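Structure below is data19.txt: compact mmCIF, C-alpha atoms.
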```
# COMPACT_ATOMS: atom_id res chain seq x y z
CA MET A 1 97.84 90.65 139.33
CA THR A 2 100.40 91.51 136.66
CA VAL A 3 98.90 92.32 133.27
CA PRO A 4 100.47 90.13 130.56
CA ASP A 5 101.83 91.73 127.42
CA VAL A 6 99.82 89.45 125.16
CA THR A 7 96.88 87.07 125.30
CA VAL A 8 96.64 84.30 122.74
CA VAL A 9 93.04 83.23 122.10
CA ILE A 10 92.38 79.79 120.60
CA ALA A 11 88.97 78.41 119.65
CA VAL A 12 89.22 74.61 119.62
CA TYR A 13 86.93 72.12 117.95
CA ASN A 14 88.11 68.72 116.73
CA THR A 15 91.55 69.80 115.52
CA MET A 16 93.55 66.76 116.61
CA PRO A 17 96.33 65.94 115.93
CA TYR A 18 97.18 69.49 114.81
CA LEU A 19 96.34 70.96 118.21
CA THR A 20 99.46 69.42 119.77
CA ALA A 21 101.83 71.34 117.49
CA CYS A 22 99.84 74.51 118.14
CA LEU A 23 100.16 74.21 121.93
CA ASP A 24 103.82 73.17 121.79
CA SER A 25 104.63 76.29 119.78
CA LEU A 26 103.11 78.42 122.55
CA VAL A 27 105.09 76.68 125.26
CA ARG A 28 108.30 77.46 123.31
CA GLN A 29 107.69 81.22 122.98
CA THR A 30 110.83 83.18 123.82
CA ILE A 31 108.84 86.09 125.22
CA GLY A 32 108.56 84.00 128.39
CA HIS A 33 105.52 82.59 130.13
CA ALA A 34 105.40 85.47 132.62
CA ARG A 35 104.60 87.94 129.83
CA MET A 36 101.88 85.95 128.07
CA GLU A 37 98.69 84.01 128.67
CA VAL A 38 96.75 81.52 126.55
CA VAL A 39 92.95 81.37 126.69
CA ALA A 40 91.73 78.19 124.99
CA VAL A 41 88.00 77.62 124.56
CA ASP A 42 87.00 74.03 123.84
CA ASP A 43 83.83 74.23 121.76
CA GLY A 44 82.58 70.73 122.56
CA SER A 45 85.41 68.73 120.94
CA THR A 46 84.83 65.00 120.61
CA ASP A 47 88.35 64.00 119.47
CA GLY A 48 90.17 64.30 122.79
CA GLY A 49 91.17 67.92 122.23
CA GLY A 50 89.52 69.10 125.44
CA GLU A 51 91.44 66.58 127.51
CA LEU A 52 94.69 67.58 125.78
CA LEU A 53 94.07 71.22 126.75
CA ASP A 54 93.52 70.22 130.38
CA GLY A 55 96.80 68.31 130.33
CA TYR A 56 98.77 71.33 129.09
CA ALA A 57 97.11 73.57 131.68
CA ALA A 58 98.13 71.14 134.43
CA ARG A 59 101.74 70.95 133.22
CA HIS A 60 102.08 74.73 132.69
CA PRO A 61 100.17 76.42 135.52
CA GLY A 62 99.56 80.11 134.94
CA LEU A 63 100.10 79.87 131.19
CA PHE A 64 96.92 78.17 129.98
CA GLN A 65 93.35 79.01 130.93
CA VAL A 66 90.95 76.41 129.53
CA VAL A 67 87.20 76.85 129.14
CA HIS A 68 84.86 74.05 128.06
CA GLN A 69 81.46 74.69 126.48
CA ALA A 70 78.83 72.92 124.38
CA ASN A 71 79.38 73.06 120.66
CA SER A 72 78.18 76.36 119.21
CA GLY A 73 78.33 75.42 115.53
CA GLY A 74 81.17 77.72 114.49
CA PRO A 75 84.34 79.51 115.59
CA ALA A 76 82.78 82.89 116.39
CA ALA A 77 81.22 82.08 119.78
CA PRO A 78 84.28 80.40 121.35
CA THR A 79 86.51 83.16 119.97
CA ASN A 80 84.30 85.83 121.52
CA ARG A 81 84.32 84.01 124.83
CA GLY A 82 88.09 83.80 124.80
CA LEU A 83 88.35 87.47 123.87
CA ALA A 84 86.10 88.43 126.79
CA LEU A 85 88.57 86.72 129.15
CA ALA A 86 91.70 88.31 127.64
CA ARG A 87 93.81 90.50 129.96
CA GLY A 88 96.87 91.27 127.85
CA ARG A 89 97.79 94.63 126.38
CA TYR A 90 97.59 92.89 123.03
CA VAL A 91 95.59 89.91 121.79
CA LEU A 92 96.51 87.42 119.08
CA PHE A 93 94.01 84.97 117.59
CA LEU A 94 95.59 81.61 116.75
CA GLY A 95 93.89 78.82 114.84
CA ALA A 96 93.90 75.54 116.72
CA ASP A 97 95.41 73.79 113.71
CA ASP A 98 98.08 76.48 113.20
CA TRP A 99 101.28 77.28 115.07
CA LEU A 100 103.79 80.07 115.77
CA GLY A 101 107.51 80.50 115.24
CA ASP A 102 109.40 80.47 118.55
CA GLU A 103 110.18 84.22 118.50
CA ALA A 104 106.83 85.32 117.13
CA LEU A 105 105.24 86.90 120.19
CA ALA A 106 108.45 88.60 121.35
CA ARG A 107 108.99 90.18 117.93
CA MET A 108 105.37 91.26 117.52
CA VAL A 109 105.02 92.87 120.94
CA ALA A 110 108.34 94.70 120.67
CA SER A 111 107.50 96.11 117.24
CA ALA A 112 103.97 97.12 118.20
CA ASP A 113 105.36 98.96 121.21
CA ASP A 114 108.05 100.70 119.14
CA TRP A 115 105.63 101.81 116.43
CA GLY A 116 102.50 102.43 118.52
CA SER A 117 100.58 99.93 116.40
CA ASP A 118 96.91 99.25 117.02
CA VAL A 119 97.02 96.35 114.56
CA LEU A 120 100.17 94.47 113.58
CA ILE A 121 100.25 91.90 110.76
CA PRO A 122 102.96 89.27 111.23
CA LYS A 123 104.38 87.40 108.27
CA GLN A 124 102.37 84.25 107.61
CA VAL A 125 103.21 81.20 105.54
CA GLY A 126 101.06 78.31 104.37
CA VAL A 127 101.66 74.67 105.28
CA ASN A 128 100.42 71.63 103.29
CA GLY A 129 99.44 73.83 100.37
CA ARG A 130 97.47 76.40 102.38
CA LEU A 131 97.01 79.52 100.25
CA VAL A 132 98.23 82.66 102.04
CA PRO A 133 98.32 85.91 99.99
CA GLN A 134 101.85 87.30 100.29
CA GLY A 135 101.46 90.79 98.83
CA ILE A 136 101.20 92.48 102.22
CA PHE A 137 104.50 90.91 103.27
CA ASP A 138 106.70 92.49 100.60
CA ALA A 139 108.47 94.51 103.28
CA THR A 140 108.31 95.42 106.95
CA ALA A 141 106.43 98.69 107.35
CA ALA A 142 105.60 100.78 110.41
CA SER A 143 102.41 102.03 108.79
CA VAL A 144 100.29 100.78 105.88
CA GLY A 145 96.83 101.53 104.54
CA PHE A 146 94.30 100.09 102.14
CA GLU A 147 95.28 102.58 99.48
CA ASP A 148 99.02 101.86 99.38
CA SER A 149 99.33 98.15 100.18
CA ALA A 150 97.69 94.74 99.84
CA LEU A 151 95.93 95.23 103.18
CA ALA A 152 92.54 94.41 101.67
CA TRP A 153 93.89 90.90 101.00
CA ALA A 154 94.85 90.41 104.66
CA LEU A 155 91.51 90.48 106.51
CA ALA A 156 91.80 87.28 108.52
CA ASP A 157 92.11 87.90 112.26
CA THR A 158 95.56 86.25 112.37
CA LYS A 159 97.05 89.47 113.71
CA LEU A 160 98.13 91.24 116.88
CA PHE A 161 95.46 93.70 118.07
CA ARG A 162 95.72 96.30 120.81
CA LEU A 163 93.11 95.15 123.33
CA ASP A 164 92.15 98.72 124.21
CA LEU A 165 91.09 99.30 120.58
CA ILE A 166 88.80 96.28 120.73
CA ARG A 167 87.30 97.26 124.06
CA ARG A 168 86.73 100.92 123.13
CA HIS A 169 84.81 100.02 119.99
CA ASN A 170 83.12 96.90 121.40
CA LEU A 171 84.43 94.75 118.56
CA ALA A 172 83.48 91.08 118.38
CA ARG A 173 82.81 88.37 115.85
CA LYS A 174 79.33 87.99 114.41
CA GLU A 175 78.22 84.66 115.84
CA GLU A 176 75.49 84.13 113.24
CA LEU A 177 78.14 83.79 110.51
CA LYS A 178 79.42 80.28 109.83
CA VAL A 179 82.33 81.51 107.71
CA TYR A 180 84.26 84.78 107.32
CA SER A 181 83.17 85.84 110.82
CA ASP A 182 86.69 87.16 111.41
CA GLN A 183 86.72 89.48 108.40
CA PRO A 184 84.10 92.04 109.56
CA PHE A 185 85.88 92.11 112.94
CA THR A 186 89.32 92.61 111.38
CA LEU A 187 88.10 95.18 108.88
CA ALA A 188 86.40 97.23 111.60
CA ALA A 189 89.56 97.13 113.71
CA CYS A 190 91.74 98.21 110.79
CA LEU A 191 89.40 101.04 109.77
CA ARG A 192 89.35 102.35 113.35
CA ALA A 193 93.06 101.84 114.04
CA ARG A 194 95.42 104.77 114.34
CA ARG A 195 98.26 102.68 112.90
CA ILE A 196 98.48 99.34 111.10
CA SER A 197 101.93 97.79 110.78
CA VAL A 198 103.51 94.86 108.95
CA LEU A 199 106.31 92.71 110.32
CA ALA A 200 107.71 90.73 107.40
CA ASP A 201 111.26 89.82 108.49
CA TYR A 202 110.45 86.52 110.24
CA ASP A 203 108.05 83.63 109.66
CA HIS A 204 105.73 84.28 112.60
CA TYR A 205 102.51 82.43 111.85
CA PHE A 206 102.14 79.06 110.11
CA LEU A 207 98.69 78.37 108.67
CA VAL A 208 98.01 74.70 108.10
CA LEU A 209 95.73 73.17 105.48
CA ARG A 210 94.44 70.02 107.11
CA GLU A 211 94.79 66.84 105.12
CA ASP A 212 91.08 66.16 105.57
CA ARG A 213 90.31 69.72 104.38
CA GLY A 214 88.48 70.14 107.67
CA ASN A 215 89.34 73.83 108.09
CA VAL A 216 86.19 75.88 108.62
CA THR A 217 86.60 77.92 105.43
CA GLN A 218 87.19 74.79 103.34
CA ARG A 219 83.87 73.20 104.36
CA ALA A 220 81.63 76.28 104.27
CA GLY A 221 78.51 76.27 102.09
CA ALA A 222 77.89 78.69 99.22
CA LEU A 223 75.08 80.62 100.91
CA ASP A 224 77.17 80.90 104.09
CA ARG A 225 79.85 82.55 101.98
CA VAL A 226 77.35 84.98 100.45
CA ARG A 227 76.23 86.04 103.92
CA GLY A 228 79.83 86.37 105.08
CA VAL A 229 80.79 88.65 102.20
CA ALA A 230 77.69 90.77 102.80
CA ALA A 231 78.71 91.26 106.44
CA VAL A 232 82.17 92.46 105.39
CA GLN A 233 80.74 94.85 102.82
CA TRP A 234 78.35 96.35 105.36
CA VAL A 235 81.35 97.25 107.54
CA ALA A 236 83.13 98.73 104.53
CA ALA A 237 80.08 100.78 103.56
CA GLU A 238 79.79 102.14 107.10
CA LEU A 239 83.44 102.86 107.96
CA ALA A 240 85.60 103.04 104.82
CA ALA A 241 86.32 106.37 103.17
CA PRO A 242 84.73 106.65 99.71
CA GLY A 243 87.22 106.42 96.90
CA ALA A 244 90.48 104.47 96.98
CA GLN A 245 89.98 102.93 100.42
CA LEU A 246 86.48 101.63 99.80
CA ASP A 247 87.33 100.53 96.26
CA ALA A 248 90.27 98.44 97.48
CA ILE A 249 87.97 96.49 99.81
CA ARG A 250 85.30 96.06 97.14
CA ALA A 251 87.81 94.90 94.54
CA ARG A 252 89.21 92.25 96.88
CA HIS A 253 85.88 90.52 97.54
CA PHE A 254 84.34 91.00 94.10
CA GLY A 255 87.62 89.92 92.55
CA TRP A 256 88.07 86.79 94.63
CA GLU A 257 85.49 85.44 97.11
CA VAL A 258 82.39 86.30 95.08
CA PRO A 259 83.58 85.00 91.67
CA GLN A 260 84.59 81.75 93.39
CA LEU A 261 80.88 81.12 93.90
CA LEU A 262 80.31 81.27 90.14
CA GLN A 263 82.68 78.53 89.05
CA GLU A 264 82.09 74.96 87.91
CA GLY A 265 80.97 73.87 91.38
CA LEU A 266 77.82 75.97 90.95
CA LEU A 267 76.61 73.60 88.23
CA ALA A 268 76.68 70.66 90.65
CA LEU A 269 74.18 72.26 93.05
CA ASP A 270 70.49 71.45 92.84
CA ALA A 271 68.49 73.96 90.83
CA GLY A 272 66.88 75.69 93.80
CA LEU A 273 70.14 76.25 95.68
CA ARG A 274 71.92 77.23 92.48
CA ASP A 275 69.41 80.00 91.81
CA GLN A 276 69.63 81.17 95.43
CA VAL A 277 73.39 81.53 95.09
CA CYS A 278 73.03 83.46 91.82
CA GLU A 279 70.39 85.69 93.38
CA GLY A 280 72.59 86.29 96.42
CA VAL A 281 75.57 87.21 94.27
CA GLY A 282 73.42 89.53 92.17
CA GLU A 283 72.21 91.29 95.30
CA LEU A 284 75.81 91.75 96.48
CA VAL A 285 76.73 93.34 93.15
CA ARG A 286 73.77 95.71 93.15
CA GLN A 287 73.84 96.64 96.83
CA PHE A 288 77.56 97.20 97.40
CA GLY A 289 78.70 99.03 94.27
CA ALA A 290 80.61 96.22 92.58
CA ARG A 291 80.12 97.83 89.16
CA GLU A 292 82.26 100.76 90.32
CA VAL A 293 85.28 98.45 90.51
CA TYR A 294 84.60 96.29 87.45
CA HIS A 295 87.58 97.93 85.74
CA ARG A 296 89.82 96.37 88.40
CA LEU A 297 88.49 92.85 87.90
CA ALA A 298 89.39 90.14 85.41
CA VAL A 299 87.06 89.84 82.42
CA PRO A 300 85.68 86.37 83.37
CA ASP A 301 84.84 87.63 86.85
CA ARG A 302 83.02 90.80 85.85
CA VAL A 303 81.04 89.05 83.10
CA ARG A 304 79.88 86.41 85.58
CA LEU A 305 78.98 89.05 88.17
CA GLU A 306 76.96 91.08 85.68
CA LEU A 307 75.07 88.04 84.42
CA ALA A 308 74.11 87.26 88.02
CA ALA A 309 73.22 90.90 88.74
CA THR A 310 70.93 91.09 85.69
CA GLY A 311 69.21 87.78 86.40
CA ARG A 312 70.68 85.97 83.39
CA TYR A 313 71.15 82.69 85.23
CA ALA A 314 70.80 80.40 82.19
CA GLU A 315 73.43 82.35 80.26
CA LEU A 316 75.65 82.31 83.34
CA ARG A 317 75.44 78.52 83.57
CA GLU A 318 76.20 78.20 79.85
CA LEU A 319 79.26 80.42 80.20
CA ILE A 320 80.56 78.42 83.17
CA ALA A 321 80.00 75.13 81.34
CA TYR A 322 81.73 76.46 78.21
CA GLU A 323 84.87 77.51 80.09
CA ALA A 324 84.92 74.27 82.07
CA GLU A 325 85.03 72.33 78.79
CA HIS A 326 86.96 74.63 76.44
CA GLY A 327 88.91 77.06 78.62
CA ALA A 328 89.10 80.77 77.84
CA PRO A 329 87.04 81.99 74.87
CA PRO A 330 88.70 83.19 71.67
CA GLU A 331 89.81 86.79 71.41
CA VAL A 332 88.51 89.16 68.76
CA SER A 333 89.56 92.70 68.00
CA GLU A 334 88.37 95.69 66.04
CA THR A 335 89.64 99.16 65.32
CA GLY A 336 87.30 102.00 66.15
CA ALA A 337 86.85 105.35 64.47
CA ASP A 338 89.29 106.74 67.06
CA GLY A 339 92.07 104.55 65.65
CA VAL A 340 92.24 102.40 68.76
CA ARG A 341 92.29 98.63 68.39
CA ARG A 342 90.34 96.90 71.14
CA ARG A 343 90.58 93.23 72.07
CA TYR A 344 87.55 91.44 73.49
CA ALA A 345 86.79 88.04 75.02
CA ALA A 346 84.31 86.52 72.58
CA TYR A 347 81.99 84.77 75.00
CA GLN A 348 78.69 83.49 73.62
CA VAL A 349 76.94 86.49 75.19
CA PHE A 350 79.29 89.07 73.66
CA ARG A 351 77.14 91.47 71.65
CA ASP A 352 74.12 89.24 72.10
CA GLY A 353 71.22 91.65 71.72
CA THR A 354 68.96 89.57 73.95
CA VAL A 355 71.44 89.87 76.84
CA ALA A 356 72.69 93.40 76.09
CA LEU A 357 75.88 93.47 78.14
CA ALA A 358 78.19 96.43 77.60
CA ASP A 359 81.28 95.86 75.44
CA GLU A 360 83.47 97.19 78.27
CA LEU A 361 82.76 94.07 80.32
CA PHE A 362 84.55 91.95 77.69
CA LEU A 363 87.44 94.34 77.04
CA LEU A 364 90.83 92.64 77.42
CA GLY A 365 93.01 95.53 76.29
CA GLU A 366 93.42 98.29 73.78
CA GLU A 367 96.21 99.89 71.81
CA ARG A 368 96.69 102.33 68.96
CA ALA A 369 96.19 100.42 65.70
CA GLU A 370 99.07 100.37 63.21
CA VAL A 371 98.56 98.77 59.78
CA PRO A 372 102.02 97.74 58.49
CA ALA A 373 103.10 98.77 55.00
CA ASP A 374 103.08 96.07 52.31
CA PRO A 375 106.47 96.17 50.48
CA GLU A 376 105.06 94.22 47.53
CA ALA A 377 102.40 96.86 47.09
CA GLY A 378 104.91 99.66 46.67
CA GLY A 379 104.85 100.74 50.28
CA LYS A 380 101.10 100.94 50.45
CA THR A 381 99.40 99.78 53.58
CA GLY A 382 98.41 96.13 53.71
CA PRO A 383 94.89 94.77 53.80
CA PRO A 384 92.77 95.77 56.79
CA PRO A 385 92.76 93.37 59.72
CA PRO A 386 89.87 90.89 59.93
CA THR A 387 86.64 92.48 61.05
CA LEU A 388 84.89 91.47 64.23
CA VAL A 389 82.29 89.49 62.24
CA GLN A 390 85.02 87.55 60.46
CA GLN A 391 86.86 86.83 63.70
CA LEU A 392 83.72 85.59 65.41
CA TRP A 393 82.92 83.35 62.41
CA ARG A 394 86.46 81.97 62.26
CA GLY A 395 86.80 81.62 66.02
CA ALA A 396 83.48 79.86 66.50
CA VAL A 397 83.50 77.53 63.46
CA PRO A 398 86.54 75.27 62.76
CA VAL A 399 87.99 75.52 59.26
CA GLN A 400 87.04 71.95 58.34
CA VAL A 401 83.42 72.63 59.24
CA ARG A 402 83.41 75.92 57.32
CA ARG A 403 84.59 74.09 54.18
CA ARG A 404 81.86 71.46 54.46
CA LEU A 405 79.18 74.07 55.09
CA ARG A 406 80.05 75.90 51.87
CA GLY A 407 78.48 72.95 50.06
CA TYR A 408 75.08 74.22 51.23
CA PRO A 409 73.72 77.28 49.36
CA ALA A 410 72.43 79.07 52.48
CA TRP A 411 75.73 78.66 54.35
CA ARG A 412 77.69 79.66 51.20
CA ARG A 413 75.72 82.90 51.02
CA LEU A 414 76.53 83.57 54.69
CA ALA A 415 80.24 82.90 54.12
CA ASP A 416 80.24 85.18 51.05
CA ALA A 417 78.59 87.91 53.11
CA VAL A 418 81.26 87.60 55.78
CA ALA A 419 83.99 87.83 53.14
CA ALA A 420 82.32 90.88 51.61
CA ASP A 421 82.18 92.49 55.01
CA GLY A 422 85.97 92.09 55.17
CA ARG A 423 86.51 93.58 51.68
CA ASN A 424 84.41 96.58 52.68
CA GLY A 425 86.43 97.10 55.86
CA GLY A 426 83.44 96.21 57.99
CA ARG A 427 81.23 98.88 56.38
CA ARG A 428 77.85 98.29 54.76
```

Any chance you could give the structure as structure tokens?
Amino acid sequence: MTVPDVTVVIAVYNTMPYLTACLDSLVRQTIGHARMEVVAVDDGSTDGGGELLDGYAARHPGLFQVVHQANSGGPAAPTNRGLALARGRYVLFLGADDWLGDEALARMVASADDWGSDVLIPKQVGVNGRLVPQGIFDATAASVGFEDSALAWALADTKLFRLDLIRRHNLARKEELKVYSDQPFTLAACLRARRISVLADYDHYFLVLREDRGNVTQRAGALDRVRGVAAVQWVAAELAAPGAQLDAIRARHFGWEVPQLLQEGLLALDAGLRDQVCEGVGELVRQFGAREVYHRLAVPDRVRLELAATGRYAELRELIAYEAEHGAPPEVSETGADGVRRRYAAYQVFRDGTVALADELFLLGEERAEVPADPEAGGKTGPPPPTLVQQLWRGAVPVQVRRRLRGYPAWRRLADAVAADGRNGGRR
């Protein structure tokens, strides 16, 4: 029997009506039916998807192989079953609610053959508002790595893989994962690949956000996401080279998936689950070296991560609630003895001795301080900039409130002390 150039594996579970567009796009592939095969695994669909697959197989004999099984609870098991049946030189995983451009397979196979690619990433675009990171698709490239591209942001299995690579390393999805089961698989393949390529000159793969938000990732629970990220980081710890390669993978997950767990939605969870999520995030930070890439993360993300890692769950909830209501905190700045002015995000926990988080976590930027000359003072330098104490006081207490508070002796003494701190340049 002739070996096809490419096998397309589709795991199907209740994806109607999107499944029709997916299958039609495969029928239209210009590579020709003789050079491809489709293995579709129906994971116990109840919306008529299984019957639709049987109809396509009957109308296109030799193109579609359909397997029916009881529902497994996630996409990993049907994907693995389809992969086990694949015969092509290459394999492409296609979401049952997604679809391909007509020339997609022909272009991918030709380029992978020309370049000797073990993994090839085709250009992908989102449909119905589906978020698809585009950094990796800046240009077509015969070879990319984690250190010199946005590869760490492209870990879905929506790629062309050389089947021999998968077989040699016994790669498969982790069936116990309800979400992100493709990322450990893809990461392992990329870290073992001799060459990873990008094909960015054609819209190959269209990822659809379902109107009912029924995509697997959209409906995953918080603890499922924690377990999924842990599985990816275990692969990184085992296979990635220390340094730039490992840091790129860490920075992606601790700069995106993990901080997403510590947003306003956390506050809506019941107390027990909320603490489990915080504990899980803290364990991820401590176990997988997140602190080593804090400098690559946004300030709100690294502050949240550190509060979770140090068990400061109450302060974490307060910070999330504050930003949900007020937005970003005020900025404050101070000039150090080294003449460098540093700007900080003045969260409630900034320089709170009971929490004791390092200033570097709050650092927004720094620059060499320059105090402009005051022409009216004969060219002498102007007054020093407000001290950190003054900025915190002014940023935290509206001016109208400050004026009213000065009517109380205790508050007036505090305000006078703040002013004196400014006149002394912050020195006591």

Self-check item: Gap from CA of Arg28 (chain A) to CA of Ala106 (chain A) - Å, one decimal
Solution: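 Spanning CA of Arg28 (chain A) to CA of Ala106 (chain A) is a straight-line distance of 11.3 Å.
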
Here's a test: counting all atoms listed in the file, identify every protein, DNA and RNA residue with an atom at most 12 Å from (99.4, 93.8, 123.2) in the file's coordinate frame, and state them as a short mmCIF file (atom, residue, chain, number, x, y, z; two decimals) with C-alpha atoms, keeping the file's coordinate frame.
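As a result, point27.cif now contains:
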```cif
data_model
loop_
_atom_site.label_atom_id
_atom_site.label_comp_id
_atom_site.auth_asym_id
_atom_site.auth_seq_id
_atom_site.Cartn_x
_atom_site.Cartn_y
_atom_site.Cartn_z
CA VAL A 3 98.90 92.32 133.27
CA PRO A 4 100.47 90.13 130.56
CA ASP A 5 101.83 91.73 127.42
CA VAL A 6 99.82 89.45 125.16
CA THR A 7 96.88 87.07 125.30
CA VAL A 8 96.64 84.30 122.74
CA ARG A 35 104.60 87.94 129.83
CA MET A 36 101.88 85.95 128.07
CA GLU A 37 98.69 84.01 128.67
CA ALA A 86 91.70 88.31 127.64
CA ARG A 87 93.81 90.50 129.96
CA GLY A 88 96.87 91.27 127.85
CA ARG A 89 97.79 94.63 126.38
CA TYR A 90 97.59 92.89 123.03
CA VAL A 91 95.59 89.91 121.79
CA LEU A 92 96.51 87.42 119.08
CA PHE A 93 94.01 84.97 117.59
CA LEU A 105 105.24 86.90 120.19
CA ALA A 106 108.45 88.60 121.35
CA ARG A 107 108.99 90.18 117.93
CA MET A 108 105.37 91.26 117.52
CA VAL A 109 105.02 92.87 120.94
CA ALA A 110 108.34 94.70 120.67
CA SER A 111 107.50 96.11 117.24
CA ALA A 112 103.97 97.12 118.20
CA ASP A 113 105.36 98.96 121.21
CA ASP A 114 108.05 100.70 119.14
CA GLY A 116 102.50 102.43 118.52
CA SER A 117 100.58 99.93 116.40
CA ASP A 118 96.91 99.25 117.02
CA VAL A 119 97.02 96.35 114.56
CA LEU A 120 100.17 94.47 113.58
CA LYS A 159 97.05 89.47 113.71
CA LEU A 160 98.13 91.24 116.88
CA PHE A 161 95.46 93.70 118.07
CA ARG A 162 95.72 96.30 120.81
CA LEU A 163 93.11 95.15 123.33
CA ASP A 164 92.15 98.72 124.21
CA LEU A 165 91.09 99.30 120.58
CA ILE A 166 88.80 96.28 120.73
#
```

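Within 8 Å of the point (97.7, 78.9, 110.2), and counting all atoms listed in the file, the protein, DNA and RNA residues are Leu94, Gly95, Asp97, Asp98, Trp99, Gln124, Val125, Gly126, Val127, Thr158, Tyr205, Phe206, Leu207, Val208 and Leu209 of chain A.
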
Self-check item: Ala358 (chain A) surroundings by all atoms listed in the file, 12 Å radius, close-in-sequence under 4 positions cut, as an MDAnalysis selection string
Solution: chainID A and resid 291 294 302:303 306:307 344 349:353 362:363

Quiz item: In Å, with one decimal, what is the gap from CA of Phe185 (chain A) to CA of Asp201 (chain A)?
Solution: 25.9 Å

With only C-alpha atoms as the counted atoms, please give the residues lying no more than 10 Å from region 46-60 of chain A, apart from itself and same-chain residues fewer than 4 positions off, as a PDB file with C-alpha atoms, keeping the file's coordinate frame.
```pdb
ATOM      1  CA  VAL A  12      89.220  74.610 119.620  1.00  0.00           C
ATOM      2  CA  TYR A  13      86.930  72.120 117.950  1.00  0.00           C
ATOM      3  CA  ASN A  14      88.110  68.720 116.730  1.00  0.00           C
ATOM      4  CA  THR A  15      91.550  69.800 115.520  1.00  0.00           C
ATOM      5  CA  MET A  16      93.550  66.760 116.610  1.00  0.00           C
ATOM      6  CA  PRO A  17      96.330  65.940 115.930  1.00  0.00           C
ATOM      7  CA  TYR A  18      97.180  69.490 114.810  1.00  0.00           C
ATOM      8  CA  LEU A  19      96.340  70.960 118.210  1.00  0.00           C
ATOM      9  CA  THR A  20      99.460  69.420 119.770  1.00  0.00           C
ATOM     10  CA  LEU A  23     100.160  74.210 121.930  1.00  0.00           C
ATOM     11  CA  ASP A  24     103.820  73.170 121.790  1.00  0.00           C
ATOM     12  CA  VAL A  27     105.090  76.680 125.260  1.00  0.00           C
ATOM     13  CA  HIS A  33     105.520  82.590 130.130  1.00  0.00           C
ATOM     14  CA  VAL A  38      96.750  81.520 126.550  1.00  0.00           C
ATOM     15  CA  ALA A  40      91.730  78.190 124.990  1.00  0.00           C
ATOM     16  CA  VAL A  41      88.000  77.620 124.560  1.00  0.00           C
ATOM     17  CA  ASP A  42      87.000  74.030 123.840  1.00  0.00           C
ATOM     18  CA  PHE A  64      96.920  78.170 129.980  1.00  0.00           C
ATOM     19  CA  GLN A  65      93.350  79.010 130.930  1.00  0.00           C
ATOM     20  CA  VAL A  66      90.950  76.410 129.530  1.00  0.00           C
ATOM     21  CA  VAL A  67      87.200  76.850 129.140  1.00  0.00           C
ATOM     22  CA  HIS A  68      84.860  74.050 128.060  1.00  0.00           C
ATOM     23  CA  GLN A  69      81.460  74.690 126.480  1.00  0.00           C
ATOM     24  CA  ASN A  71      79.380  73.060 120.660  1.00  0.00           C
ATOM     25  CA  ALA A  96      93.900  75.540 116.720  1.00  0.00           C
TER      26      ALA A  96
END
```

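For the atom pair formed by CA of Lys174 (chain A) and CA of Ala76 (chain A), the distance is 6.5 Å, given to one decimal.
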
Quiz item: If you count all atoms listed in the file, which residues fall within 9 Å of Asp275 (chain A), apart from same-chain ones fewer than 5 positions away, as a ChimeraX atom specification?
Solution: /A:270,280,313

Quiz item: region 226-242 of chain A: which residues within 7 Å, counting only C-alpha atoms, same-chain residues fewer than 2 positions away excluded, as an MDAnalysis selection string?
Solution: chainID A and resid 177 179:181 183:184 188 191 222:224 244:246 280:281 284 288

Quiz item: Of the candidates A:Ala156, A:Ile196, A:Leu361, A:Cys190, which one gets nearest to Ala141 (chain A) if we count all atoms listed in the file?
Solution: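 Going through A:Ala156, A:Ile196, A:Leu361, A:Cys190 one by one, the smallest distance to Ala141 (chain A) is for A:Ile196.
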